Every structure is written in C-alpha cells, then in structure tokens.
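Asks: So here's structure02.cif (mmCIF, C-alpha atoms).
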data_coords
loop_
_atom_site.label_atom_id
_atom_site.label_comp_id
_atom_site.auth_asym_id
_atom_site.auth_seq_id
_atom_site.Cartn_x
_atom_site.Cartn_y
_atom_site.Cartn_z
CA MET A 1282 3.16 -24.78 16.81
CA LEU A 1283 0.86 -25.43 13.90
CA LYS A 1284 0.85 -22.68 11.34
CA ALA A 1285 -2.47 -21.12 10.58
CA LEU A 1286 -3.67 -18.59 8.08
CA ALA A 1287 -5.19 -15.15 8.28
CA PHE A 1288 -5.31 -12.39 5.71
CA GLY A 1289 -3.54 -10.34 4.21
CA GLY A 1290 -2.32 -13.21 2.09
CA LEU A 1291 -0.73 -16.06 3.94
CA ALA A 1292 -0.38 -16.21 7.63
CA VAL A 1293 1.69 -18.46 9.74
CA GLY A 1294 1.41 -19.16 13.40
CA GLY A 1295 0.07 -21.63 15.89
CA GLY A 1296 -0.14 -22.70 19.48
CA SER A 1297 1.17 -20.25 22.05
CA LEU A 1298 2.82 -18.26 19.29
CA LEU A 1299 -0.60 -17.02 18.24
CA ALA A 1300 -1.43 -15.42 21.54
CA ALA A 1301 0.38 -12.25 20.53
CA CYS A 1302 -0.50 -10.84 17.15
CA GLY A 1303 0.66 -7.27 17.55
CA SER A 1304 3.86 -5.52 16.62
CA ASP A 1305 7.07 -6.91 18.01
CA SER A 1306 10.22 -5.32 19.30
CA GLY A 1307 11.92 -5.41 15.91
CA SER A 1308 11.49 -2.12 14.11
CA GLY A 1309 11.53 -3.64 10.64
CA SER A 1310 13.17 -0.45 9.48
CA GLY A 1311 15.48 -0.25 6.52
CA SER A 1312 17.73 1.85 8.71
CA SER A 1313 18.74 -1.23 10.69
CA SER A 1314 22.42 -1.83 11.21
CA GLY A 1315 24.44 -3.66 8.62
CA SER A 1316 25.58 -2.68 5.15
CA SER A 1317 25.50 -4.15 1.74
CA GLY A 1318 27.15 -1.49 -0.32
CA GLN A 1319 25.07 0.65 -2.66
CA SER A 1320 24.85 -0.99 -6.06
CA SER A 1321 24.78 0.96 -9.29
CA GLY A 1322 21.31 2.17 -10.10
CA SER A 1323 20.28 2.56 -6.44
CA SER A 1324 18.61 5.81 -5.43
CA ALA A 1325 20.42 8.34 -3.29
CA ALA A 1326 20.30 7.57 0.43
CA GLY A 1327 16.88 8.34 1.84
CA SER A 1328 15.56 9.83 -1.39
CA LEU A 1329 12.66 7.37 -1.58
CA GLY A 1330 11.43 8.28 1.88
CA SER A 1331 9.64 5.85 4.18
CA ILE A 1332 7.10 3.26 3.10
CA SER A 1333 5.11 0.55 4.83
CA LEU A 1334 4.98 -3.13 3.92
CA GLN A 1335 1.97 -4.93 5.34
CA LEU A 1336 2.90 -8.46 6.33
CA SER A 1337 0.24 -11.11 6.10
CA TRP A 1338 0.80 -12.43 9.59
CA ILE A 1339 2.66 -11.98 12.85
CA LYS A 1340 6.41 -11.55 12.60
CA ASN A 1341 7.75 -15.07 12.40
CA ASP A 1342 9.73 -17.20 9.95
CA GLU A 1343 7.42 -16.38 7.06
CA PHE A 1344 9.14 -13.03 6.59
CA VAL A 1345 12.81 -13.86 7.06
CA GLY A 1346 13.65 -12.28 3.70
CA GLU A 1347 12.35 -8.95 4.95
CA TYR A 1348 14.32 -9.25 8.18
CA MET A 1349 17.53 -9.92 6.26
CA ALA A 1350 16.86 -6.99 3.92
CA ALA A 1351 16.48 -4.70 6.92
CA GLU A 1352 19.43 -6.04 8.89
CA LYS A 1353 21.86 -6.02 5.98
CA GLY A 1354 20.89 -2.50 4.93
CA TYR A 1355 19.36 -3.44 1.59
CA TYR A 1356 16.41 -1.12 2.08
CA THR A 1357 18.61 1.86 2.85
CA ALA A 1358 20.99 0.98 0.02
CA ALA A 1359 17.99 1.02 -2.32
CA GLY A 1360 17.21 4.59 -1.23
CA PHE A 1361 14.64 4.23 1.55
CA GLN A 1362 14.75 6.09 4.83
CA SER A 1363 12.87 3.13 6.25
CA VAL A 1364 10.61 0.27 5.26
CA ASP A 1365 8.21 -0.35 8.11
CA LEU A 1366 7.23 -4.01 8.40
CA LEU A 1367 3.72 -4.05 9.80
CA ALA A 1368 2.53 -7.22 11.50
CA GLY A 1369 -0.71 -8.77 10.35
CA GLY A 1370 -2.88 -11.29 12.15
CA THR A 1371 -6.44 -9.99 11.86
CA SER A 1372 -9.25 -10.56 9.38
CA THR A 1373 -8.48 -7.18 7.79
CA THR A 1374 -7.04 -7.83 4.35
CA ALA A 1375 -3.91 -6.22 3.01
CA GLU A 1376 -6.02 -5.13 0.04
CA SER A 1377 -8.35 -3.06 2.21
CA LEU A 1378 -5.39 -1.33 3.84
CA ILE A 1379 -3.80 -0.63 0.46
CA LEU A 1380 -7.04 0.80 -0.93
CA ALA A 1381 -7.37 3.02 2.16
CA GLU A 1382 -3.76 4.15 1.49
CA LYS A 1383 -2.75 3.09 4.98
CA VAL A 1384 0.06 0.92 3.59
CA THR A 1385 2.12 1.11 0.41
CA VAL A 1386 2.57 -2.59 -0.36
CA GLY A 1387 0.83 -5.65 1.03
CA LEU A 1388 1.73 -9.32 1.07
CA SER A 1389 -1.31 -11.30 0.01
CA SER A 1390 -2.51 -14.06 -2.30
CA PRO A 1391 -4.18 -14.07 -5.75
CA PRO A 1392 -7.62 -15.24 -4.55
CA ILE A 1393 -7.88 -12.38 -2.06
CA THR A 1394 -6.66 -9.81 -4.56
CA ALA A 1395 -8.89 -11.22 -7.30
CA ALA A 1396 -11.93 -11.20 -5.01
CA THR A 1397 -11.32 -7.53 -4.25
CA ILE A 1398 -10.87 -6.70 -7.92
CA VAL A 1399 -14.01 -8.57 -9.00
CA ASN A 1400 -16.26 -7.51 -6.13
CA SER A 1401 -15.11 -3.90 -5.79
CA GLN A 1402 -13.49 -3.09 -9.15
CA ALA A 1403 -10.42 -2.27 -7.08
CA PRO A 1404 -7.39 -0.87 -8.98
CA LEU A 1405 -4.91 -3.43 -7.63
CA LYS A 1406 -2.05 -5.38 -9.19
CA ILE A 1407 0.31 -8.12 -8.10
CA ILE A 1408 3.91 -7.31 -9.04
CA GLY A 1409 5.73 -10.39 -7.73
CA ALA A 1410 5.31 -13.66 -5.84
CA THR A 1411 7.59 -14.99 -3.11
CA TYR A 1412 5.99 -18.44 -2.99
CA GLN A 1413 5.81 -20.32 -6.27
CA LYS A 1414 3.36 -22.82 -4.85
CA ASN A 1415 0.21 -22.42 -2.82
CA PRO A 1416 1.09 -23.38 0.77
CA PHE A 1417 -2.47 -23.70 2.06
CA ALA A 1418 -3.56 -27.06 3.39
CA ILE A 1419 -5.93 -28.92 5.66
CA GLY A 1420 -4.04 -30.58 8.46
CA SER A 1421 -5.41 -33.71 10.12
CA ILE A 1422 -4.10 -36.59 12.22
CA ALA A 1423 -3.67 -40.10 10.85
CA GLY A 1424 -4.88 -41.90 13.98
CA MET A 1425 -7.99 -39.76 14.27
CA THR A 1426 -9.81 -38.66 11.09
CA PRO A 1427 -7.29 -38.38 8.24
CA ILE A 1428 -8.23 -36.10 5.34
CA ARG A 1429 -6.12 -36.99 2.33
CA THR A 1430 -8.14 -35.59 -0.59
CA ALA A 1431 -10.71 -32.88 -1.09
CA LYS A 1432 -13.49 -35.47 -1.25
CA ASP A 1433 -12.54 -36.55 2.27
CA LEU A 1434 -13.79 -33.17 3.49
CA ILE A 1435 -17.38 -34.24 2.95
CA GLY A 1436 -19.15 -34.84 6.26
CA LYS A 1437 -16.19 -33.63 8.31
CA LYS A 1438 -15.76 -30.82 10.84
CA ILE A 1439 -13.19 -28.40 9.47
CA GLY A 1440 -11.72 -25.57 11.51
CA ILE A 1441 -11.49 -22.39 9.44
CA GLN A 1442 -10.36 -18.96 10.60
CA ALA A 1443 -12.45 -15.91 9.69
CA GLY A 1444 -11.58 -13.51 6.88
CA GLY A 1445 -9.51 -14.44 3.87
CA ASN A 1446 -9.13 -18.03 5.02
CA GLN A 1447 -12.84 -18.54 4.58
CA THR A 1448 -12.61 -17.16 1.04
CA ILE A 1449 -9.78 -19.54 0.20
CA PHE A 1450 -11.59 -22.54 1.68
CA ASP A 1451 -14.81 -21.68 -0.16
CA GLY A 1452 -12.75 -21.63 -3.34
CA LEU A 1453 -11.36 -25.07 -2.58
CA LEU A 1454 -14.88 -26.43 -2.25
CA LYS A 1455 -15.98 -24.81 -5.52
CA ALA A 1456 -12.92 -26.10 -7.37
CA ASN A 1457 -13.80 -29.64 -6.27
CA GLY A 1458 -17.56 -29.48 -6.77
CA ILE A 1459 -18.33 -29.70 -3.07
CA SER A 1460 -21.25 -27.78 -1.58
CA SER A 1461 -20.63 -25.88 1.64
CA SER A 1462 -23.61 -27.78 3.08
CA GLN A 1463 -21.60 -31.00 2.76
CA VAL A 1464 -18.92 -29.76 5.18
CA GLN A 1465 -19.37 -28.64 8.76
CA ILE A 1466 -17.31 -25.48 9.03
CA VAL A 1467 -16.26 -24.63 12.57
CA GLY A 1468 -15.06 -21.13 13.31
CA VAL A 1469 -11.70 -21.34 15.05
CA GLN A 1470 -8.82 -19.14 16.05
CA TYR A 1471 -5.20 -20.00 15.31
CA ASP A 1472 -4.59 -22.58 18.01
CA ASP A 1473 -4.25 -26.13 16.71
CA SER A 1474 -5.37 -27.63 20.04
CA VAL A 1475 -8.85 -27.96 18.51
CA LEU A 1476 -7.35 -30.46 16.07
CA LYS A 1477 -5.33 -32.32 18.66
CA ASN A 1478 -8.25 -32.72 21.04
CA GLY A 1479 -10.63 -33.86 18.30
CA LYS A 1480 -13.00 -30.89 18.30
CA VAL A 1481 -12.39 -30.65 14.55
CA ASP A 1482 -11.35 -33.29 12.04
CA GLY A 1483 -9.24 -30.90 9.98
CA PHE A 1484 -7.63 -27.51 10.47
CA MET A 1485 -6.68 -24.91 7.84
CA THR A 1486 -2.93 -24.59 7.91
CA TYR A 1487 0.31 -24.68 5.90
CA VAL A 1488 1.84 -27.59 4.00
CA THR A 1489 4.98 -27.22 6.08
CA ASP A 1490 3.14 -27.91 9.31
CA ASP A 1491 3.79 -31.61 9.14
CA LEU A 1492 7.05 -30.77 10.92
CA ALA A 1493 5.36 -29.08 13.89
CA LEU A 1494 2.86 -31.91 14.31
CA LYS A 1495 5.63 -34.52 14.20
CA VAL A 1496 7.58 -32.61 16.84
CA ALA A 1497 4.44 -32.60 19.00
CA GLY A 1498 4.21 -36.38 18.69
CA TYR A 1499 1.42 -36.69 16.13
CA ASP A 1500 1.29 -38.50 12.79
CA PRO A 1501 0.24 -35.68 10.44
CA VAL A 1502 -1.79 -35.84 7.26
CA ILE A 1503 -1.47 -32.69 5.16
CA MET A 1504 -3.89 -32.17 2.28
CA ALA A 1505 -2.38 -29.51 0.06
CA PHE A 1506 -4.74 -27.17 -1.77
CA ALA A 1507 -2.16 -26.99 -4.58
CA ASP A 1508 -2.66 -30.71 -5.23
CA ASN A 1509 -6.44 -30.41 -5.12
CA GLY A 1510 -7.31 -27.89 -7.80
CA LEU A 1511 -5.74 -24.65 -6.53
CA PRO A 1512 -2.09 -24.37 -7.63
CA PHE A 1513 -1.80 -20.61 -7.17
CA VAL A 1514 1.22 -18.63 -5.95
CA ALA A 1515 1.31 -16.88 -2.59
CA GLU A 1516 2.96 -14.16 -0.52
CA THR A 1517 2.34 -11.87 -3.46
CA TYR A 1518 3.29 -8.20 -3.53
CA THR A 1519 0.06 -6.24 -4.06
CA VAL A 1520 -0.05 -2.52 -4.84
CA LEU A 1521 -2.32 0.15 -6.26
CA GLN A 1522 -2.17 0.66 -10.01
CA SER A 1523 -1.49 4.34 -9.28
CA THR A 1524 1.63 3.38 -7.33
CA ILE A 1525 2.92 1.55 -10.39
CA ASP A 1526 2.09 4.56 -12.55
CA ASP A 1527 3.50 7.24 -10.26
CA LYS A 1528 6.21 5.50 -8.20
CA ARG A 1529 7.56 2.81 -10.48
CA ASP A 1530 11.20 3.39 -9.54
CA MET A 1531 10.32 3.17 -5.86
CA LEU A 1532 8.63 -0.20 -6.34
CA LYS A 1533 11.56 -1.49 -8.37
CA ALA A 1534 13.95 -0.39 -5.62
CA LEU A 1535 11.85 -2.29 -3.09
CA LEU A 1536 11.90 -5.42 -5.26
CA VAL A 1537 15.69 -5.22 -5.51
CA ALA A 1538 16.00 -5.10 -1.71
CA GLU A 1539 13.48 -7.93 -1.32
CA ILE A 1540 15.32 -10.17 -3.77
CA LYS A 1541 18.60 -9.55 -1.94
CA GLY A 1542 17.03 -10.21 1.45
CA TRP A 1543 15.38 -13.45 0.36
CA THR A 1544 18.54 -14.63 -1.37
CA ASP A 1545 20.45 -14.21 1.88
CA ALA A 1546 17.70 -15.83 3.95
CA ILE A 1547 17.69 -18.88 1.70
CA LYS A 1548 21.47 -19.16 1.85
CA ASP A 1549 21.63 -18.64 5.61
CA PRO A 1550 18.40 -19.86 7.26
CA LEU A 1551 20.04 -20.06 10.68
CA THR A 1552 20.78 -16.34 10.84
CA ALA A 1553 17.30 -15.66 9.46
CA ALA A 1554 15.69 -17.83 12.14
CA GLN A 1555 17.79 -16.26 14.89
CA LEU A 1556 16.66 -12.78 13.78
CA THR A 1557 13.08 -14.01 13.95
CA VAL A 1558 13.42 -15.38 17.47
CA ASP A 1559 15.78 -12.80 18.98
CA LYS A 1560 14.47 -9.59 17.42
CA TYR A 1561 11.49 -9.43 15.12
CA GLY A 1562 9.37 -12.02 16.91
CA LYS A 1563 11.00 -11.69 20.31
CA ASP A 1564 7.80 -10.79 22.16
CA GLN A 1565 6.17 -13.99 20.91
CA LYS A 1566 8.71 -16.31 22.55
CA LEU A 1567 9.26 -18.34 19.40
CA ASP A 1568 11.19 -21.59 19.39
CA LEU A 1569 14.43 -21.47 17.38
CA THR A 1570 14.25 -25.14 16.37
CA GLU A 1571 10.78 -24.70 14.90
CA GLN A 1572 11.52 -21.37 13.27
CA TYR A 1573 14.66 -22.77 11.65
CA GLY A 1574 12.90 -25.89 10.41
CA ASP A 1575 10.04 -23.84 9.02
CA ALA A 1576 12.39 -21.41 7.28
CA VAL A 1577 14.17 -24.34 5.62
CA GLU A 1578 10.93 -25.93 4.46
CA ILE A 1579 9.49 -22.67 3.16
CA ALA A 1580 12.59 -22.02 1.08
CA SER A 1581 13.05 -25.54 -0.26
CA ARG A 1582 9.39 -26.45 -0.83
CA LEU A 1583 7.73 -23.14 -1.69
CA ILE A 1584 10.16 -20.45 -2.84
CA VAL A 1585 13.02 -21.96 -4.84
CA SER A 1586 12.14 -23.82 -8.04
CA PRO A 1587 13.77 -24.57 -11.39
CA ASP A 1588 11.84 -21.57 -12.74
CA THR A 1589 13.16 -19.15 -10.11
CA ASN A 1590 16.68 -20.47 -10.60
CA THR A 1591 16.33 -19.62 -14.29
CA ASN A 1592 14.34 -16.40 -14.09
CA GLY A 1593 15.01 -15.06 -10.59
CA LEU A 1594 13.19 -14.95 -7.27
CA LEU A 1595 9.66 -13.47 -7.18
CA THR A 1596 9.08 -14.12 -10.89
CA MET A 1597 6.26 -16.15 -12.46
CA THR A 1598 6.36 -17.98 -15.77
CA GLU A 1599 3.51 -17.82 -18.27
CA GLN A 1600 2.62 -21.39 -17.33
CA VAL A 1601 2.38 -20.48 -13.66
CA ILE A 1602 0.29 -17.41 -14.48
CA ASP A 1603 -2.06 -19.50 -16.62
CA ALA A 1604 -2.47 -22.02 -13.78
CA ASN A 1605 -3.32 -19.17 -11.41
CA ILE A 1606 -5.94 -17.77 -13.77
CA GLU A 1607 -7.51 -21.23 -14.08
CA SER A 1608 -7.53 -21.61 -10.28
CA LEU A 1609 -9.16 -18.21 -9.83
CA ALA A 1610 -11.82 -19.03 -12.42
CA SER A 1611 -12.64 -22.26 -10.60
CA MET A 1612 -13.05 -20.23 -7.41
CA GLY A 1613 -15.52 -17.88 -9.10
CA TYR A 1614 -13.16 -15.04 -10.01
CA PRO A 1615 -13.02 -14.85 -13.83
CA VAL A 1616 -10.12 -12.44 -14.29
CA GLN A 1617 -7.61 -12.13 -17.09
CA ALA A 1618 -3.88 -12.16 -16.35
CA SER A 1619 -3.62 -8.46 -17.22
CA ASP A 1620 -6.38 -7.67 -14.70
CA ILE A 1621 -4.35 -8.88 -11.73
CA PHE A 1622 -0.66 -9.32 -12.65
CA ASP A 1623 1.97 -6.80 -13.75
CA LEU A 1624 5.38 -8.46 -13.75
CA SER A 1625 6.98 -5.86 -16.00
CA LEU A 1626 8.68 -4.23 -13.01
CA LEU A 1627 10.49 -7.46 -12.17
CA THR A 1628 11.49 -7.86 -15.81
CA GLU A 1629 13.11 -4.43 -15.68
CA VAL A 1630 14.74 -5.16 -12.31
CA TYR A 1631 16.51 -8.24 -13.65
CA GLN A 1632 17.48 -6.48 -16.86
CA GLU A 1633 19.04 -3.67 -14.84
CA HIS A 1634 20.51 -5.94 -12.14
CA PRO A 1635 21.39 -9.27 -13.75
CA GLU A 1636 23.60 -10.10 -10.76
CA LEU A 1637 20.42 -10.68 -8.74
CA LYS A 1638 19.54 -13.72 -10.81
CA VAL A 1639 21.22 -16.45 -8.75
CA ALA A 1640 20.64 -20.20 -8.85
CA LEU A 1641 19.98 -21.31 -5.28
CA THR A 1642 20.21 -24.73 -3.66
CA PRO A 1643 18.52 -24.42 -0.27
CA THR A 1644 19.24 -26.91 2.46
CA THR A 1645 16.54 -29.49 3.09
CA ASP A 1646 17.78 -30.50 6.54
CA THR A 1647 15.29 -29.10 9.03
CA ALA A 1648 17.34 -30.10 12.08
CA LEU A 1649 18.92 -27.19 13.89
CA PRO A 1650 22.71 -27.20 13.33
CA ALA A 1651 24.71 -28.53 16.27
CA GLY A 1652 25.52 -25.84 18.79
CA ALA A 1653 22.99 -23.35 17.43
CA GLY A 1654 20.97 -21.51 20.06
CA SER A 1655 23.15 -22.69 22.91
#
Would you write out, as structure tokens, the structure that this file holds?

Replies:
Amino acid sequence: MLKALAFGGLAVGGGSLLAACGSDSGSGSGSSSGSSGQSSGSSAAGSLGSISLQLSWIKNDEFVGEYMAAEKGYYTAAGFQSVDLLAGGTSTTAESLILAEKVTVGLSSPPITAATIVNSQAPLKIIGATYQKNPFAIGSIAGMTPIRTAKDLIGKKIGIQAGGNQTIFDGLLKANGISSSQVQIVGVQYDDSVLKNGKVDGFMTYVTDDLALKVAGYDPVIMAFADNGLPFVAETYTVLQSTIDDKRDMLKALLVAEIKGWTDAIKDPLTAAQLTVDKYGKDQKLDLTEQYGDAVEIASRLIVSPDTNTNGLLTMTEQVIDANIESLASMGYPVQASDIFDLSLLTEVYQEHPELKVALTPTTDTALPAGAGS
C-alpha cells in the first residue's frame, strides 16, 4: 500500500486501499461514544451545532487524531452536536468546498491555499498545521531507476495524480529550476503498481511510504520535497476569513478537540490504528500492520518536533512560517504571512488551556505490538 496524494491538502492511500474513496461506515460524529469530561471554558453541550471537517483523503491512518477526538467525546465536550468527517479522494480541493460553503473547515496544504488566494483573491486563512514538515515525496525503486534528488527527475517518467498534486509537483520543478519539458509527466491514479511494474520511474507519494515498499519486498528510494526546496507544513486547517470573524469561539473549540485527539493518537497509536481499520476505514479493508506503522511514522517524523513540544501541537514558529513563505514564493505564489496564516486562535487556545501543551515522545517502533489484531 503506497500512499498517494490528492487534494484537499495531503492524501494518503495506495494499492487496493485506493479502490474505495467514498465515505466509510464510521460516522465521524462528535457524538460518538466515550467521554473526556467537559473542561472549563468548553461551550454548553450542543450549543455550537454541527459542522463539517473536510478530510484531504480517504479515511485511513492520516486522520487518527480526528477519530480519537470523536471516539473520546472531545467534540461533544467542546460543545458540538457533531463534527462530520468528510472523506476526500477527488481532485476537488478543500478550498473550493470551503468557498462554496459546503464545508466549514478543510484539511489542506499551504501551496493549494496560496494558489487559491493568489489566483482567485479568495478570503481564506490557515489557522493551524498538524504536520510540521512537508510529507510529499517522489518514490522510486533502487534496483530500477532511483531518484534521489530533484535533478534526477530530468528525463524521467514521473507518475502524478491530477488536481492539487500537479500543482505541488509543478512547484517542486520551479523551486529547482527544472522546466516541465524536461520531465515526462504521466497521469496516474493512486495505485503504485505503475511504479512496481516500471511504467513510471517515480511516483508522487509520502515520505513514510518507504515502509510499505519494504513490506512489499522492494528497496525504496524516497526523495522528499522538504529536502529539495519545499519545506512547507501540511494537513493545515483552512477556513474562511468570515468564519474567523464571526465564529471565532467555535473554531477555537474545534482546535481544542483536535489537539486532544491528536495527543491521544500519538500516545496510543495502536488504538488509533484499530479505529481506522475496524470503524472509520472498515469498508476499505485496511491492513492493521500497515496502518499502525504509518500512524507511528506520521507522528514521529511529521507531527511531533521540539517546537511542538515547546509550543503545542498544530502551532508554527516564526522560522517555520518564514520557510513556508519562501517555499511559496519559489513556487510562484508571492504571499505575505498575514495573507495566508492566522495563528492567533491557537495562541488564545493555549493561553486559555495551558494543560493542552504537552511534551510528547512518540514511539518509533513501526512493528505491530505482539498479540495486536489477533
């Protein structure tokens, strides 16, 4: 199962998992069973109504923080009747759904949000980032045509999925001074068999997909975009400016629940993976070993950092913001930080709930614990 990317923001999937991109049997509702106790400052039960959170991909391990928030009652404790987790998996961006007011919040990525702002003068803002590091990558196979640096893309066949992935890949080329005419772009879906059978030399994927390729018996080469000119954050929470203006407390309540859910998912990746396989992604027949390994790698390699341990999950330092602005400029999106980011809500959340700021040490062992899943 090689993870692939669609938009929304990030997307994860691969192999047979990608055959089903629709909603799964998990409701994603904040009214799910489980309780966390209502912390001080939470809104009255149900007073915030129901909202929708557009995921950037099918319901798999990428969203274990949301599953934990639902299952442990963090959404309801925050004051929501429900938070509907809507599966992604098409070329329709989260930004377009937000602008059409079909969803309240969307998980995306700075290049996609910036492109929408620049090209359409869209009133959008990013209010937090789950991933501190860009997870996008080109996956290749050592014994075939390894692609280790951006310059290795020249003259190669690269499988790219339509939509936001194409925008991201175009940005990678621009950031490295490579013309699109120097690379043969092959339109692909989200099945990595095109890489394994040699129809493409490289395949747009996730940095954590070395694990899936190793399990399948291949020697993977993963060229990270973050190490080749594009160190932007990802799985960003994107909203309308008007939502910030008119429903600030609602967004802050959502961020509180998200932080709690991700904290629990990082501490207990086995439960998070089991929820993915047994409930939220049940109709996709996901493999527990892979989902657990991916959840561990996502937490340890992409989410938790010295900065988040100091400042809290979802936050971004000024240095990280500056790096994102430089990346966006190199991709052809000359925005200022204030044009795209508003992290003042998170600042207020941590001021009002200092107990949420927890130093985390995620496990790095991707092997499924003995006895799990039996």

Asks: Could you list the residues chosen by the PyMOL selection byres ((chain A and resi 1387) around 6) in this structure as a ChimeraX atom specification?

Replies: /A:1334-1335,1375,1386,1388,1518-1519

Asks: With a cut-off of 12 Å, could you pull out the residues of stretch 1548-1626 of chain A touching stretch 1521-1538 of chain A and give me the nearest pair of atoms for each, distance in Å to one decimal, using only C-alpha atoms, ordered by chain and ascending number, as a tab-separated table?

Replies:
residue	atom	partner	partner_atom	distance
A:Gly1593	CA	A:Val1537	CA	11.1
A:Leu1594	CA	A:Leu1536	CA	9.8
A:Leu1595	CA	A:Leu1536	CA	8.6
A:Thr1596	CA	A:Leu1536	CA	10.7
A:Ser1619	CA	A:Gln1522	CA	11.7
A:Asp1620	CA	A:Gln1522	CA	10.4
A:Ile1621	CA	A:Gln1522	CA	9.9
A:Phe1622	CA	A:Gln1522	CA	10.4
A:Asp1623	CA	A:Ile1525	CA	9.1
A:Leu1624	CA	A:Lys1533	CA	10.8
A:Ser1625	CA	A:Lys1533	CA	9.9
A:Leu1626	CA	A:Lys1533	CA	6.1

Asks: Can you write out the residues you just picked, keeping C-alpha atoms, as a compact mmCIF listing (two decimals), in the coordinates of the input?

Replies:
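Result written to out_16.txt:
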# COMPACT_ATOMS: atom_id res chain seq x y z
CA GLY A 1593 15.01 -15.06 -10.59
CA LEU A 1594 13.19 -14.95 -7.27
CA LEU A 1595 9.66 -13.47 -7.18
CA THR A 1596 9.08 -14.12 -10.89
CA SER A 1619 -3.62 -8.46 -17.22
CA ASP A 1620 -6.38 -7.67 -14.70
CA ILE A 1621 -4.35 -8.88 -11.73
CA PHE A 1622 -0.66 -9.32 -12.65
CA ASP A 1623 1.97 -6.80 -13.75
CA LEU A 1624 5.38 -8.46 -13.75
CA SER A 1625 6.98 -5.86 -16.00
CA LEU A 1626 8.68 -4.23 -13.01

Asks: If you apply the PyMOL selection byres ((chain A and resi 1432) around 12) to this file, what residues do you get, as JSON, numbers by chain?

Replies: {"A": [1427, 1428, 1429, 1430, 1431, 1433, 1434, 1435, 1436, 1437, 1453, 1454, 1455, 1456, 1457, 1458, 1459, 1460, 1463, 1464, 1504, 1509, 1510]}

Asks: Restricting the calculation to only C-alpha atoms: of A:Gly1409, A:Gly1452, A:Glu1343, A:Ala1326, which residue gets closest to A:Leu1609?

Replies: A:Gly1452

Asks: Hey, can you check how far atom CA of A:Glu1516 sits from atom CA of A:Ser1389?

Replies: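 Spanning atom CA of A:Glu1516 to atom CA of A:Ser1389 is a straight-line distance of 5.2 Å.
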
Asks: Would you compute the distance between atom CA of A:Lys1638 and atom CA of A:Gly1574? Give it in Å to one decimal.

Replies: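 It comes out at 25.3 Å.
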
Asks: Which of these residues is nearest to A:Leu1641, using all atoms listed in the file: A:Val1585, A:Val1399, A:Val1488, A:Val1502?

Replies: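 Selected residue with least distance to A:Leu1641: A:Val1585.
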
Asks: Find the spatial neighbours of stretch 1580-1582 of chain A, counting only C-alpha atoms, within a cut-off of 10 Å - ignore same-chain residues fewer than 2 positions away - and output them as a count of residues only.

Replies: 27

Asks: As a check of understanding, name the residues that the PyMOL selection byres ((chain A and resi 1485) around 6) selects in the supplied structure, as an NGL selection string.

Replies: :A and (1418-1419 or 1441 or 1484 or 1486)

Asks: Can you pull out the residues contacting A:Gln1572? Cut-off 10 Å, using only C-alpha atoms, and skip same-chain residues under 5 positions away; I want them as an mmCIF file with C-alpha atoms, in the frame of the given file.

Replies:
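Saved result, selection.cif, follows:
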data_model
loop_
_atom_site.group_PDB
_atom_site.id
_atom_site.type_symbol
_atom_site.label_atom_id
_atom_site.label_comp_id
_atom_site.auth_asym_id
_atom_site.auth_seq_id
_atom_site.Cartn_x
_atom_site.Cartn_y
_atom_site.Cartn_z
ATOM 1 C CA MET A 1282 3.160 -24.780 16.810
ATOM 2 C CA ASN A 1341 7.750 -15.070 12.400
ATOM 3 C CA ASP A 1342 9.730 -17.200 9.950
ATOM 4 C CA GLU A 1343 7.420 -16.380 7.060
ATOM 5 C CA VAL A 1345 12.810 -13.860 7.060
ATOM 6 C CA ALA A 1493 5.360 -29.080 13.890
ATOM 7 C CA PRO A 1550 18.400 -19.860 7.260
ATOM 8 C CA LEU A 1551 20.040 -20.060 10.680
ATOM 9 C CA ALA A 1553 17.300 -15.660 9.460
ATOM 10 C CA ALA A 1554 15.690 -17.830 12.140
ATOM 11 C CA GLN A 1555 17.790 -16.260 14.890
ATOM 12 C CA THR A 1557 13.080 -14.010 13.950
ATOM 13 C CA VAL A 1558 13.420 -15.380 17.470
ATOM 14 C CA LEU A 1567 9.260 -18.340 19.400
ATOM 15 C CA VAL A 1577 14.170 -24.340 5.620
ATOM 16 C CA GLU A 1578 10.930 -25.930 4.460
ATOM 17 C CA THR A 1647 15.290 -29.100 9.030
ATOM 18 C CA LEU A 1649 18.920 -27.190 13.890
#

Asks: Taking all atoms listed in the file into account, name the residue in A:Ala1640, A:Ala1358, A:Ala1423, A:Ile1466 that is nearest to A:Ser1324.

Replies: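 So, comparing all the options, the nearest one is A:Ala1358.
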
Asks: Which residues are near A:Ala1368? Cut-off 6 Å, all atoms listed in the file, ignore same chain within fewer than 4 positions. Put them as number ranges by chain.

Replies: A: 1304, 1336, 1338-1340

Asks: Can you work out which one of A:Ala1325, A:Ile1332, A:Ala1410, A:Ser1461 has the shortest atom-to-atom distance to A:Met1597, counting all atoms listed in the file?

Replies: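 Residue with the minimum atom-to-atom distance to A:Met1597: A:Ala1410.
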
Asks: Would you mind reading off the distance between atom CA of A:Lys1383 and atom CA of A:Gln1362, one decimal, in Å?

Replies: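 Separation between atom CA of A:Lys1383 and atom CA of A:Gln1362: 17.8 Å.
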